[in-house]
Structures are given as structure tokens and as C-alpha cells.
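Next comes protein_32.cif, with mmCIF, C-alpha atoms and all ligand atoms.
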```cif
data_model
loop_
_atom_site.label_atom_id
_atom_site.label_comp_id
_atom_site.auth_asym_id
_atom_site.auth_seq_id
_atom_site.Cartn_x
_atom_site.Cartn_y
_atom_site.Cartn_z
CA MET A 260 23.40 -19.31 -6.34
CA SER A 261 25.58 -17.94 -3.52
CA ILE A 262 26.17 -20.08 -0.43
CA LYS A 263 23.81 -18.79 2.27
CA LEU A 264 26.09 -18.32 5.26
CA TYR A 265 23.16 -17.02 7.35
CA ASP A 266 21.59 -20.48 7.05
CA GLN A 267 24.43 -21.97 9.08
CA ASP A 268 25.12 -19.11 11.48
CA SER A 269 22.67 -16.28 11.97
CA PHE A 270 25.21 -14.44 14.16
CA LEU A 271 27.93 -14.26 11.49
CA SER A 272 28.48 -10.55 10.98
CA GLU A 273 31.80 -10.48 9.06
CA PHE A 274 33.04 -12.79 6.31
CA GLN A 275 35.30 -13.04 3.25
CA ALA A 276 33.81 -13.65 -0.19
CA SER A 277 34.65 -13.52 -3.91
CA VAL A 278 32.78 -11.22 -6.24
CA VAL A 279 30.93 -13.27 -8.88
CA SER A 280 29.55 -10.25 -10.74
CA CYS A 281 29.13 -6.51 -10.43
CA THR A 282 26.55 -4.75 -12.60
CA LYS A 283 26.04 -1.00 -12.79
CA THR A 284 22.32 -0.08 -12.70
CA GLU A 285 20.31 3.11 -12.25
CA LYS A 286 20.04 2.44 -8.49
CA GLY A 287 23.75 1.64 -7.97
CA TYR A 288 25.99 -1.42 -8.28
CA GLU A 289 24.42 -4.86 -7.99
CA ILE A 290 27.04 -7.21 -6.57
CA VAL A 291 26.72 -11.01 -6.46
CA LEU A 292 29.08 -12.91 -4.11
CA ASP A 293 30.05 -16.60 -4.05
CA GLN A 294 28.79 -16.71 -0.44
CA THR A 295 26.94 -14.25 1.75
CA ALA A 296 25.63 -13.63 5.27
CA PHE A 297 23.33 -10.83 4.01
CA PHE A 298 19.70 -11.96 4.18
CA PRO A 299 17.73 -10.71 1.16
CA GLU A 300 14.37 -8.96 1.34
CA SER A 301 11.66 -11.60 1.55
CA GLY A 302 8.52 -12.62 3.40
CA GLY A 303 7.77 -9.09 4.61
CA GLN A 304 11.27 -8.45 5.99
CA TYR A 305 13.55 -5.83 4.42
CA GLY A 306 17.00 -6.80 3.12
CA ASP A 307 20.20 -6.60 5.22
CA ARG A 308 22.53 -3.59 5.13
CA GLY A 309 26.29 -3.33 5.68
CA THR A 310 29.47 -3.03 3.60
CA ILE A 311 31.35 -5.00 0.94
CA ALA A 312 35.03 -3.91 0.79
CA GLU A 313 33.83 -0.72 2.52
CA ASN A 314 31.30 -0.03 -0.24
CA GLU A 315 27.96 0.66 1.46
CA VAL A 316 25.29 -2.04 0.95
CA VAL A 317 21.94 -0.23 1.06
CA ASP A 318 19.74 -3.22 0.20
CA THR A 319 19.86 -6.98 -0.42
CA TYR A 320 17.28 -8.76 -2.57
CA TYR A 321 16.63 -11.66 -4.94
CA LYS A 322 16.99 -10.94 -8.66
CA ASN A 323 16.83 -13.62 -11.33
CA GLY A 324 17.36 -16.29 -8.67
CA GLU A 325 20.52 -14.64 -7.30
CA ILE A 326 21.10 -12.79 -4.03
CA VAL A 327 22.06 -9.28 -5.07
CA HIS A 328 23.73 -6.67 -2.82
CA LEU A 329 22.93 -3.13 -3.91
CA CYS A 330 25.96 -0.89 -3.30
CA LEU A 331 26.38 2.85 -3.73
CA SER A 332 29.98 2.37 -5.00
CA ALA A 333 32.08 -0.53 -6.28
CA ASP A 334 35.68 0.22 -5.30
CA ASN A 335 38.50 -2.20 -4.42
CA LEU A 336 36.60 -5.35 -5.43
CA THR A 337 39.61 -7.68 -5.24
CA ASP A 338 39.57 -11.53 -5.32
CA SER A 339 38.63 -11.78 -1.70
CA VAL A 340 36.57 -8.98 -0.20
CA THR A 341 35.76 -8.32 3.45
CA CYS A 342 32.01 -8.04 4.02
CA LYS A 343 30.41 -6.66 7.18
CA LEU A 344 26.76 -6.69 8.17
CA ASP A 345 25.00 -3.88 9.98
CA PHE A 346 24.54 -6.43 12.75
CA ASP A 347 22.75 -4.06 15.12
CA ASP A 348 19.96 -3.76 12.55
CA ARG A 349 20.03 -7.49 11.74
CA PHE A 350 19.87 -8.48 15.43
CA LYS A 351 16.77 -6.31 15.97
CA LYS A 352 15.15 -8.01 12.99
CA MET A 353 15.99 -11.46 14.40
CA GLN A 354 14.51 -10.50 17.79
CA ASN A 355 11.28 -9.31 16.20
CA HIS A 356 11.04 -12.10 13.66
CA THR A 357 11.55 -14.85 16.25
CA ALA A 358 8.99 -13.13 18.51
CA GLU A 359 6.52 -13.36 15.66
CA HIS A 360 7.06 -17.17 15.50
CA ILE A 361 6.26 -17.54 19.20
CA VAL A 362 3.15 -15.34 19.12
CA SER A 363 1.86 -16.94 15.90
CA SER A 364 2.45 -20.39 17.36
CA PHE A 365 0.34 -19.68 20.48
CA ILE A 366 -2.45 -18.04 18.46
CA ASN A 367 -2.46 -21.06 16.15
CA LYS A 368 -2.44 -23.58 19.01
CA LYS A 369 -5.08 -21.87 21.15
CA TYR A 370 -7.46 -20.48 18.51
CA GLY A 371 -6.52 -22.25 15.26
CA PHE A 372 -5.89 -18.98 13.41
CA ILE A 373 -3.15 -18.80 10.81
CA ASN A 374 -0.65 -16.00 10.27
CA VAL A 375 -1.58 -14.72 6.81
CA GLY A 376 0.57 -11.59 6.67
CA PHE A 377 3.83 -10.32 8.17
CA HIS A 378 5.61 -7.00 7.82
CA LEU A 379 8.76 -6.02 9.65
CA SER A 380 9.62 -2.32 9.53
CA LYS A 381 12.34 -0.25 11.22
CA ASP A 382 10.58 -0.04 14.58
CA PHE A 383 7.62 -2.38 14.69
CA VAL A 384 6.13 -5.56 13.28
CA THR A 385 2.60 -6.23 12.06
CA CYS A 386 1.08 -9.73 11.82
CA ASP A 387 -2.26 -10.56 10.28
CA PHE A 388 -4.37 -13.52 11.40
CA ASN A 389 -7.46 -14.97 9.76
CA GLY A 390 -9.63 -14.67 12.86
CA MET A 391 -10.57 -12.11 15.49
CA LEU A 392 -9.11 -12.00 19.00
CA THR A 393 -10.20 -9.96 22.01
CA LYS A 394 -7.89 -7.70 24.02
CA GLU A 395 -7.99 -10.24 26.87
CA GLN A 396 -7.02 -13.11 24.54
CA LEU A 397 -4.12 -11.06 23.14
CA SER A 398 -3.01 -10.18 26.64
CA GLU A 399 -2.91 -13.88 27.54
CA ILE A 400 -0.96 -14.69 24.34
CA GLU A 401 1.52 -11.94 25.22
CA LEU A 402 2.09 -13.44 28.68
CA LEU A 403 2.56 -16.96 27.26
CA ALA A 404 5.00 -15.67 24.63
CA ASN A 405 7.06 -13.79 27.22
CA LYS A 406 7.27 -16.91 29.40
CA VAL A 407 9.00 -18.61 26.46
CA VAL A 408 11.41 -15.66 26.32
CA PHE A 409 12.14 -15.90 30.05
CA LEU A 410 12.71 -19.68 29.84
CA ASN A 411 15.46 -18.99 27.25
CA VAL A 412 14.77 -22.07 25.15
CA PRO A 413 16.98 -22.98 22.15
CA VAL A 414 16.00 -21.96 18.61
CA ARG A 415 17.36 -24.25 15.87
CA ALA A 416 17.14 -24.05 12.08
CA TYR A 417 17.77 -27.15 9.93
CA TYR A 418 16.84 -29.01 6.75
CA PRO A 419 15.27 -32.31 7.89
CA ASP A 420 15.34 -35.37 5.60
CA GLU A 421 12.06 -36.27 3.93
CA GLU A 422 11.12 -38.92 6.45
CA THR A 423 11.68 -36.60 9.43
CA LEU A 424 9.85 -33.78 7.67
CA ASN A 425 6.85 -35.98 6.95
CA SER A 426 6.63 -36.91 10.62
CA LEU A 427 6.70 -33.27 11.76
CA VAL A 428 3.66 -31.10 12.39
CA TYR A 429 4.83 -27.65 11.39
CA ARG A 430 3.37 -24.29 10.43
CA SER A 431 4.13 -22.82 7.00
CA LYS A 432 3.16 -19.74 5.03
CA GLY A 433 1.94 -20.79 1.61
CA GLU A 434 3.37 -23.34 -0.80
CA LEU A 435 6.91 -24.51 -0.10
CA GLU A 436 9.47 -24.93 -2.87
CA GLY A 437 12.66 -26.99 -2.74
CA LYS A 438 14.16 -28.27 0.50
CA VAL A 439 12.17 -27.23 3.52
CA ARG A 440 14.03 -25.37 6.27
CA ILE A 441 12.50 -25.86 9.69
CA VAL A 442 12.88 -23.37 12.52
CA GLU A 443 12.29 -25.13 15.81
CA ILE A 444 11.67 -23.31 19.07
CA GLU A 445 12.21 -26.15 21.51
CA GLY A 446 8.99 -27.38 23.04
CA VAL A 447 7.01 -24.54 21.48
CA ASP A 448 6.91 -24.47 17.68
CA TYR A 449 8.02 -25.86 14.34
CA CYS A 450 7.72 -23.52 11.37
CA ALA A 451 9.01 -23.59 7.79
CA CYS A 452 11.06 -20.40 7.39
CA CYS A 453 14.26 -19.35 5.60
CA ALA A 454 15.07 -16.19 7.59
CA PRO A 455 17.70 -15.80 10.33
CA HIS A 456 16.53 -16.05 13.95
CA VAL A 457 18.08 -15.64 17.39
CA LYS A 458 19.71 -18.76 18.92
CA GLN A 459 17.96 -18.68 22.30
CA THR A 460 14.58 -17.09 23.04
CA GLY A 461 16.14 -15.08 25.89
CA GLN A 462 17.90 -13.02 23.22
CA ILE A 463 14.50 -11.58 22.26
CA GLY A 464 14.42 -9.73 25.59
CA ILE A 465 10.71 -8.96 25.68
CA ILE A 466 7.63 -9.19 23.46
CA LYS A 467 4.96 -6.47 23.62
CA ILE A 468 1.74 -6.31 21.63
CA VAL A 469 1.16 -2.58 21.22
CA GLY A 470 -1.93 -2.50 19.05
CA SER A 471 -4.60 -4.43 17.18
CA ILE A 472 -7.19 -3.57 14.56
CA LYS A 473 -9.82 -5.50 12.64
CA TYR A 474 -8.23 -6.42 9.32
CA LYS A 475 -10.04 -8.12 6.43
CA SER A 476 -11.87 -11.06 8.06
CA GLY A 477 -9.44 -11.24 10.98
CA ILE A 478 -7.06 -9.14 13.03
CA ARG A 479 -3.82 -7.20 12.45
CA ILE A 480 -1.65 -6.94 15.55
CA THR A 481 1.32 -4.61 16.00
CA MET A 482 4.23 -5.81 18.13
CA LYS A 483 7.51 -4.45 19.37
CA SER A 484 10.11 -6.87 20.65
CA GLY A 485 13.68 -6.64 21.93
CA ALA A 486 15.37 -3.34 21.08
CA TYR A 487 12.19 -2.00 19.46
CA ALA A 488 10.31 -2.60 22.73
CA LEU A 489 13.08 -0.97 24.76
CA ASP A 490 13.00 2.16 22.54
CA ASP A 491 9.23 2.23 22.95
CA TYR A 492 9.47 1.83 26.73
CA ARG A 493 12.05 4.60 26.99
CA LEU A 494 9.84 6.95 24.98
CA ARG A 495 6.77 6.14 27.07
CA PHE A 496 8.78 6.49 30.30
CA GLU A 497 10.00 9.92 29.18
CA GLN A 498 6.42 10.95 28.45
CA ASP A 499 5.26 9.62 31.83
CA GLU A 500 8.04 11.58 33.54
CA LEU A 501 6.98 14.78 31.78
CA LEU A 502 3.31 14.19 32.62
CA SER A 503 4.27 13.42 36.19
CA ASN A 504 6.03 16.80 36.44
CA ILE A 505 3.15 18.65 34.78
CA LEU A 506 0.55 17.04 37.04
CA SER A 507 2.79 16.97 40.16
CA ALA A 508 1.81 13.34 40.67
CA PRO A 509 3.79 10.09 40.97
CA GLN A 510 4.16 8.13 37.74
CA ASN A 511 1.96 5.27 38.92
CA ASP A 512 -0.84 7.67 39.78
CA LEU A 513 -1.14 9.68 36.57
CA ILE A 514 -4.69 8.74 35.55
CA PRO A 515 -6.43 9.84 38.80
CA ALA A 516 -4.31 13.02 38.78
CA LEU A 517 -5.24 13.72 35.15
CA LYS A 518 -8.93 13.08 35.84
CA GLU A 519 -8.80 15.46 38.80
CA LYS A 520 -7.09 18.12 36.68
CA LEU A 521 -9.66 17.74 33.88
CA SER A 522 -12.53 17.90 36.33
CA SER A 523 -11.11 21.10 37.87
CA LEU A 524 -10.76 22.57 34.35
CA ASP A 525 -14.40 21.65 33.62
CA GLN A 526 -15.45 23.40 36.81
CA LYS A 527 -13.44 26.51 35.89
CA GLU A 528 -14.96 26.47 32.42
CA ALA A 529 -18.44 26.36 33.94
CA GLU A 530 -17.57 29.26 36.26
CA ILE A 531 -16.21 31.32 33.36
CA SER A 532 -19.33 30.60 31.35
CA LYS A 533 -21.54 31.71 34.25
CA LEU A 534 -19.52 34.93 34.66
CA LYS A 535 -19.74 35.64 30.94
CA ASN A 536 -23.53 35.22 31.03
CA GLU A 537 -23.72 37.61 33.98
CA MET A 538 -21.52 40.05 32.07
CA ILE A 539 -23.86 39.85 29.06
CA ASP A 540 -26.82 40.67 31.32
CA ILE A 541 -25.00 43.62 32.93
CA VAL A 542 -23.86 45.06 29.59
CA SER A 543 -27.33 44.62 28.18
CA ASP A 544 -28.98 46.28 31.21
CA LYS A 545 -26.60 49.22 30.99
CA THR A 546 -27.15 49.77 27.28
CA SER A 547 -29.98 52.20 26.57
CA ASN A 548 -32.33 51.82 23.64
CA THR A 549 -30.84 53.68 20.70
CA GLU A 550 -31.62 54.49 17.11
CA ASN A 551 -27.91 54.06 16.33
CA ASN A 552 -26.12 50.84 15.61
CA ILE A 553 -24.24 49.25 18.49
CA CYS A 554 -20.66 47.93 18.30
CA ILE A 555 -19.24 46.49 21.48
CA ASP A 556 -15.82 44.99 22.32
CA MET A 557 -16.01 41.98 24.66
CA PRO A 558 -12.42 40.86 25.49
CA LEU A 559 -11.83 37.08 25.81
CA PHE A 560 -15.28 36.26 24.41
CA LYS A 561 -15.50 33.30 22.06
CA MET A 562 -17.79 33.12 19.04
CA ASP A 563 -20.68 31.57 21.00
CA ASP A 564 -20.42 34.24 23.70
CA LEU A 565 -20.44 36.98 21.05
CA ARG A 566 -23.61 35.48 19.56
CA LYS A 567 -25.29 35.51 22.97
CA MET A 568 -24.20 39.13 23.43
CA CYS A 569 -25.77 40.10 20.11
CA ASN A 570 -28.97 38.21 20.92
CA SER A 571 -29.22 40.24 24.10
CA LEU A 572 -28.48 43.62 22.49
CA ILE A 573 -30.52 43.35 19.31
CA GLU A 574 -33.70 44.64 21.03
CA LYS A 575 -31.89 47.84 21.98
CA THR A 576 -31.27 49.01 18.44
CA ASN A 577 -33.35 49.70 15.35
CA GLU A 578 -30.93 48.31 12.78
CA LEU A 579 -28.04 46.13 13.93
CA CYS A 580 -25.58 45.29 16.68
CA VAL A 581 -22.03 43.98 16.51
CA ALA A 582 -19.89 42.24 19.13
CA ILE A 583 -16.15 41.72 18.64
CA SER A 584 -13.29 40.13 20.57
CA GLU A 585 -9.56 40.45 19.85
CA THR A 586 -7.51 37.38 18.88
CA GLU A 587 -3.87 36.93 17.80
CA ASP A 588 -4.65 37.80 14.20
CA GLY A 589 -7.65 40.12 14.17
CA TYR A 590 -11.13 40.30 15.70
CA LEU A 591 -13.76 37.60 16.08
CA PHE A 592 -16.96 39.24 14.94
CA VAL A 593 -20.69 38.60 15.15
CA CYS A 594 -23.33 40.87 13.68
CA GLU A 595 -27.09 40.58 14.13
CA SER A 596 -29.81 42.64 12.46
CA LYS A 597 -33.59 42.92 12.49
CA THR A 598 -33.93 44.92 9.31
CA ILE A 599 -31.03 44.33 6.95
CA ASN A 600 -30.30 41.20 4.93
CA LEU A 601 -26.82 40.52 6.32
CA ARG A 602 -26.11 37.61 4.02
CA ASP A 603 -26.18 40.04 1.09
CA LEU A 604 -23.81 42.39 2.94
CA SER A 605 -21.29 39.84 4.15
CA LYS A 606 -19.11 40.01 1.03
CA LYS A 607 -18.96 43.82 1.14
CA ILE A 608 -18.12 43.77 4.88
CA SER A 609 -15.43 41.13 4.30
CA ILE A 610 -13.74 43.29 1.67
CA GLU A 611 -14.08 46.63 3.44
CA LEU A 612 -12.93 45.38 6.85
CA ASP A 613 -10.28 43.00 5.54
CA GLY A 614 -11.72 39.70 6.71
CA LYS A 615 -14.02 36.83 6.07
CA CYS A 616 -17.57 36.42 7.30
CA GLY A 617 -20.80 34.72 6.38
CA GLY A 618 -24.01 33.34 7.80
CA SER A 619 -27.74 33.85 7.59
CA GLU A 620 -29.91 36.85 6.68
CA THR A 621 -30.20 37.88 10.33
CA MET A 622 -26.78 36.92 11.70
CA ILE A 623 -23.27 36.73 10.27
CA SER A 624 -19.95 35.92 11.93
CA GLY A 625 -16.30 35.60 11.04
CA LYS A 626 -12.94 37.28 11.52
CA LEU A 627 -11.91 40.83 10.61
CA LYS A 628 -8.37 42.21 10.37
CA ALA A 629 -9.27 45.92 10.39
CA SER A 630 -8.56 47.93 13.58
CA LYS A 631 -11.05 48.09 16.42
CA GLU A 632 -11.62 51.81 15.74
CA LYS A 633 -12.29 51.22 12.07
CA ILE A 634 -14.74 48.37 12.78
CA ALA A 635 -16.62 50.50 15.35
CA GLU A 636 -16.81 53.54 13.03
CA TYR A 637 -17.89 51.36 10.10
CA PHE A 638 -20.90 49.89 11.89
CA GLU A 639 -21.85 52.81 14.14
CA LYS A 640 -21.92 55.21 11.18
CA GLY A 641 -23.68 52.67 8.94
CA MET A 642 -20.89 52.88 6.31
CA PHE A 643 -21.98 49.49 4.92
CA HIS A 644 -24.90 51.38 3.33
CA ASP A 645 -22.53 53.42 1.09
ZN ZN B 701 11.14 -17.12 10.61
#
```

Write out the structure in this file as C-alpha cells.
Amino acid sequence: MSIKLYDQDSFLSEFQASVVSCTKTEKGYEIVLDQTAFFPESGGQYGDRGTIAENEVVDTYYKNGEIVHLCLSADNLTDSVTCKLDFDDRFKKMQNHTAEHIVSSFINKKYGFINVGFHLSKDFVTCDFNGMLTKEQLSEIELLANKVVFLNVPVRAYYPDEETLNSLVYRSKGELEGKVRIVEIEGVDYCACCAPHVKQTGQIGIIKIVGSIKYKSGIRITMKSGAYALDDYRLRFEQDELLSNILSAPQNDLIPALKEKLSSLDQKEAEISKLKNEMIDIVSDKTSNTENNICIDMPLFKMDDLRKMCNSLIEKTNELCVAISETEDGYLFVCESKTINLRDLSKKISIELDGKCGGSETMISGKLKASKEKIAEYFEKGMFHD
């Protein structure tokens, strides 16, 4: 087994190593080194990336008890190779992983719940706990966790001797094999863990719980810490800035401004609806009783308005009335009849006027792509009878 350099120094980003083996596989070249600072995929955290003698390492994982670096090429593998971690990526993982320790520790201390699941992805972390927490409880945990960040307390990882280990009260995820590695956040938490962490809690920057859902018999919380949280804040700030411009309101006053805007839109909607109803009455009053079919174009009318229009006109005609309204890709259409079974005709109308419609025996609706003139002629002349 390779010497785990990350065990001794989680900030080591460049090192020399000897290649123990290099195996070509379908995915690429699996390289084993005599020592490595690359942390392999484990415990819900994806494997480290970087380079070995400038060959790109796209993944690191355990295979047959060895730490394997998956490379896309295997050039210049001399006796001593220079290996470099993608430390930017690794540091973000350490920020988020250490944040998880702090949050889990407080949840465990205050509510007795255990962290039963952990997943670290490229921009957020999820943690599952075997008990439910309210928004207020999570908010309090978040404040407590951030206080530990602000106090910048030391984080140490070590292998205690058996006697020391037995005297420690520490958290652990599942059964432990071999020597137990303890990660201690001074004055806050002891946890058995083999991953790399930051050295001082201040390096986490900030911890933000951004979501929670009920999960199995407990809760799944989503967190963003350090660089993940900064990216998130920048995105939200950008959105706030845009909203602030749209609403012409200061950023700390967006909700009242948005409510006012929505209420004014509601009012306008009600006014439009009233005007449309008045329009329906006027059109209906001005339409004389006729033995012919009626087809009327009502610009800007929606489907519901067209239905109301038809309901109002149907008494003026012996057979049927149609109301249409132009859209980007054809005409909204409603047809009502007292005498014809429209459901039986809807397929024929759909084909002959290039559209799609359906409904009941007395009323059908849909969208037609034929021209306004063609639709009017079709219904006024009763061509659907042919
Ligand atoms: Zn850990």
C-alpha cells in the first residue's frame, strides 16, 4: 500500500514519487505510486484530480487494496515522477468536508441525531441525519457552526494509541477497521475519519445551509461552504442586482417591491377582464339575429374569453358561432353549436383547417393554422357539411 502523504499534510500539493505499477485499462492507465497525496474516492467524496509527470489524473480510487490514479496517458514515467494535485479543487473539498464535521457535531450534541449519509459534489454537500429538524433548529445550528469558523480553532488529525482512543468519546460512521484516525476540531468535536481537512476552521470561510428535505425517517440537508458558498452568494447577488434594476427598488427592499408589482399586475388583469366582458356585451348587442353562421375575430382574447364570446353569440344564430384570436403560430379557436354534434366534426375541421381541436358535442376548441379568411369562409358558408 502506498504511503498516504495526505495523512501527514493535507496541504501538500506537489510531491515526488516512484511508479510501482502502470496498467492499461479500458478507462485509461491505472498508476500506483509508492507514496501519494491524492485522496481516493471514499465516504461520499470524489477522488482527487491533478497530474503525474504531466499525465492528467482524472480520478483516484481504491482497487484491490491499492490507491490507483487513473490517467489519460502514461508518458515519461521515470524513476522519480513529479506529481501535482488540483489543489483548488481539493481545498474546496476540505472546506466543505470539515464544515460537515462541525455541523454534524452540533446536531449530534444538541439533538442526538447521527450523520447517516454524506455526499460531496462539485458545488454542494448533502448530509443525512436520522431525525427531523425544524428550519429554526437548522438556523441555530448554522449560527453555532459559523461561530466555530470565526473562532479559527485548530483542526488536527492523528492516530491515537489504544489507551487514548478508549478514553475518547468520538463520532464514527459505521464499523472501523484497522488503526483509527481521529480528526479533532479543538473544543468542538472528535470524529473517526480518514479524509483530508483544513488545518484551522477559519479556512472554511463560511458555512451555509441552503436546503433541507424530509429523507427516509430523518432529514437531508444541503450545505455550501467556503468557495462553494462564495460562488452561490455571487450568483444570488447578481440575481438580486438584476431584480433590483427590473423593479427599480433597492436590493434590501425587493420583496415589498415585488409584492407591489404583482398586486398592480393583478389589478390590471382585473381591469382587462372587465373590459373584455364589456366588449363581449357590445359585440353581442351589435350582432343581429341571423340564419347564417357567425365567425368573429377577437384580437388578444384568450381561450376562456373566446368561450364567453361564443356563449353570448350562440342565441343569435340557428346553427353555430365561432370566435378566433390570432397567436404567434395560428388562431385560437372556439366553436359552439345548438344543432350540430361538434365532437363528430372536430376531426374533419382539424384536417381541413390545418389544426387540432376537440371538446364536447356542443363546444369544441383548439388551434387552427389556416388563414383568417379561410376559417371565416369555412364556417360562414357551412363548408364542414360537405
Ligand atoms: Zn472527515

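With all atoms listed in the file as the basis for measurement, A:Lys351 is the residue among A:Lys351, A:His328, A:Lys369, A:His644 that approaches Tyr487 of chain A most closely.
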
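Shell of segment 606-613 of chain A at 7 Å, with all atoms listed in the file counted and residues fewer than 2 places along the chain excluded, is Leu604, Lys615, Cys616, Leu627, Lys628, Ala629, Ile634 and Phe643 of chain A.
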
Kindly save the residues from that selection, with C-alpha atoms included, as a PDB file, in the coordinates of the input.
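Output below, filename result19.pdb:
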```
ATOM      1  CA  LEU A 604     -23.810  42.390   2.940  1.00  0.00           C
ATOM      2  CA  LYS A 615     -14.020  36.830   6.070  1.00  0.00           C
ATOM      3  CA  CYS A 616     -17.570  36.420   7.300  1.00  0.00           C
ATOM      4  CA  LEU A 627     -11.910  40.830  10.610  1.00  0.00           C
ATOM      5  CA  LYS A 628      -8.370  42.210  10.370  1.00  0.00           C
ATOM      6  CA  ALA A 629      -9.270  45.920  10.390  1.00  0.00           C
ATOM      7  CA  ILE A 634     -14.740  48.370  12.780  1.00  0.00           C
ATOM      8  CA  PHE A 643     -21.980  49.490   4.920  1.00  0.00           C
TER       9      PHE A 643
END
```

**Request:** Could I get the residue neighbourhood of ligand ZN 701 (chain B) at 8 Å, counting all atoms listed in the file, as a ChimeraX atom specification?
**Result:** /A:356-357,359-360,442,450-456

Pull the closest atom pair for each residue of segment 458-559 of chain A that gets at most 8 Å from segment 375-396 of chain A, along with the distance in Å to one decimal, counting only C-alpha atoms, ordering rows by chain and then ascending residue number, as a tab-separated table.
```
residue	atom	partner	partner_atom	distance
A:Lys473	CA	A:Met391	CA	7.2
A:Tyr474	CA	A:Asp387	CA	7.3
A:Ser476	CA	A:Asn389	CA	6.1
A:Gly477	CA	A:Gly390	CA	3.9
A:Ile478	CA	A:Met391	CA	5.2
A:Arg479	CA	A:Asp387	CA	4.3
A:Ile480	CA	A:Cys386	CA	5.4
A:Thr481	CA	A:Thr385	CA	4.4
A:Met482	CA	A:Val384	CA	5.2
A:Lys483	CA	A:Phe383	CA	5.1
A:Ser484	CA	A:Phe383	CA	7.9
A:Tyr487	CA	A:Asp382	CA	5.5
```

Show me, as a PDB file with C-alpha atoms, in the frame of the given file, the residues that have an atom within 8 Å of Lys263 of chain A when counting all atoms listed in the file, minus same-chain residues fewer than 5 positions from it.
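Written out: out18.pdb:
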```
ATOM      1  CA  GLN A 294      28.790 -16.710  -0.440  1.00  0.00           C
ATOM      2  CA  THR A 295      26.940 -14.250   1.750  1.00  0.00           C
ATOM      3  CA  ALA A 296      25.630 -13.630   5.270  1.00  0.00           C
TER       4      ALA A 296
END
```

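The spacing separating atom CA of Ile599 of chain A from atom CA of Glu636 of chain A amounts to 18.0 Å.
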
**Message:** I'd like the interatomic distance between atom CA of Ile531 of chain A and atom CA of Ile553 of chain A, to a tenth of an Å.
**Reply:** 24.6 Å

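Distances from A:Leu410, A:Leu331, A:Ala486, A:Leu579 to Asp347 of chain A were compared using all atoms listed in the file, and the smallest one belongs to A:Ala486.
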
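Pairwise distance (atom CA of Lys561 of chain A, atom CA of Asp603 of chain A) equals 24.5 Å.
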
**Message:** (26.6, -17.2, -7.2) in this file's frame - what residues fall within 7 Å of it? Use only C-alpha atoms and give the answer as a count of residues only.
**Reply:** 7

**Proximity to Gly287 of chain A - best of A:Leu264, A:Leu506, A:Leu329, A:Ile555, only C-alpha atoms** = A:Leu329

**Prompt:** If you count only C-alpha atoms, which residues fall within 9 Å of Glu574 of chain A, apart from same-chain ones fewer than 3 positions away, as a PyMOL selection string?
**Reply:** chain A and resi 548+570-571+577+597

Could you model N, CA and C atoms for segment 390-401 of chain A and present them as a CSV table (one decimal), keeping the file's coordinate frame?
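Contents of part.csv, as written:
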```csv
chain,number,residue,atom,x,y,z
A,390,GLY,N,-8.6,-14.6,11.9
A,390,GLY,CA,-9.6,-14.7,12.9
A,390,GLY,C,-9.5,-13.6,13.9
A,391,MET,N,-10.6,-13.2,14.6
A,391,MET,CA,-10.6,-12.1,15.5
A,391,MET,C,-10.2,-12.6,16.9
A,392,LEU,N,-9.5,-11.7,17.6
A,392,LEU,CA,-9.1,-12.0,19.0
A,392,LEU,C,-9.5,-10.8,19.9
A,393,THR,N,-9.9,-11.1,21.1
A,393,THR,CA,-10.2,-10.0,22.0
A,393,THR,C,-8.9,-9.4,22.7
A,394,LYS,N,-9.0,-8.3,23.3
A,394,LYS,CA,-7.9,-7.7,24.0
A,394,LYS,C,-7.4,-8.7,25.1
A,395,GLU,N,-8.3,-9.3,25.8
A,395,GLU,CA,-8.0,-10.2,26.9
A,395,GLU,C,-7.2,-11.5,26.3
A,396,GLN,N,-7.7,-12.0,25.2
A,396,GLN,CA,-7.0,-13.1,24.5
A,396,GLN,C,-5.6,-12.7,24.1
A,397,LEU,N,-5.5,-11.5,23.6
A,397,LEU,CA,-4.1,-11.1,23.1
A,397,LEU,C,-3.2,-10.9,24.3
A,398,SER,N,-3.8,-10.4,25.4
A,398,SER,CA,-3.0,-10.2,26.6
A,398,SER,C,-2.5,-11.5,27.2
A,399,GLU,N,-3.3,-12.6,27.1
A,399,GLU,CA,-2.9,-13.9,27.5
A,399,GLU,C,-1.8,-14.4,26.6
A,400,ILE,N,-2.0,-14.2,25.3
A,400,ILE,CA,-1.0,-14.7,24.3
A,400,ILE,C,0.4,-14.0,24.6
A,401,GLU,N,0.3,-12.7,24.9
A,401,GLU,CA,1.5,-11.9,25.2
A,401,GLU,C,2.2,-12.5,26.4
```
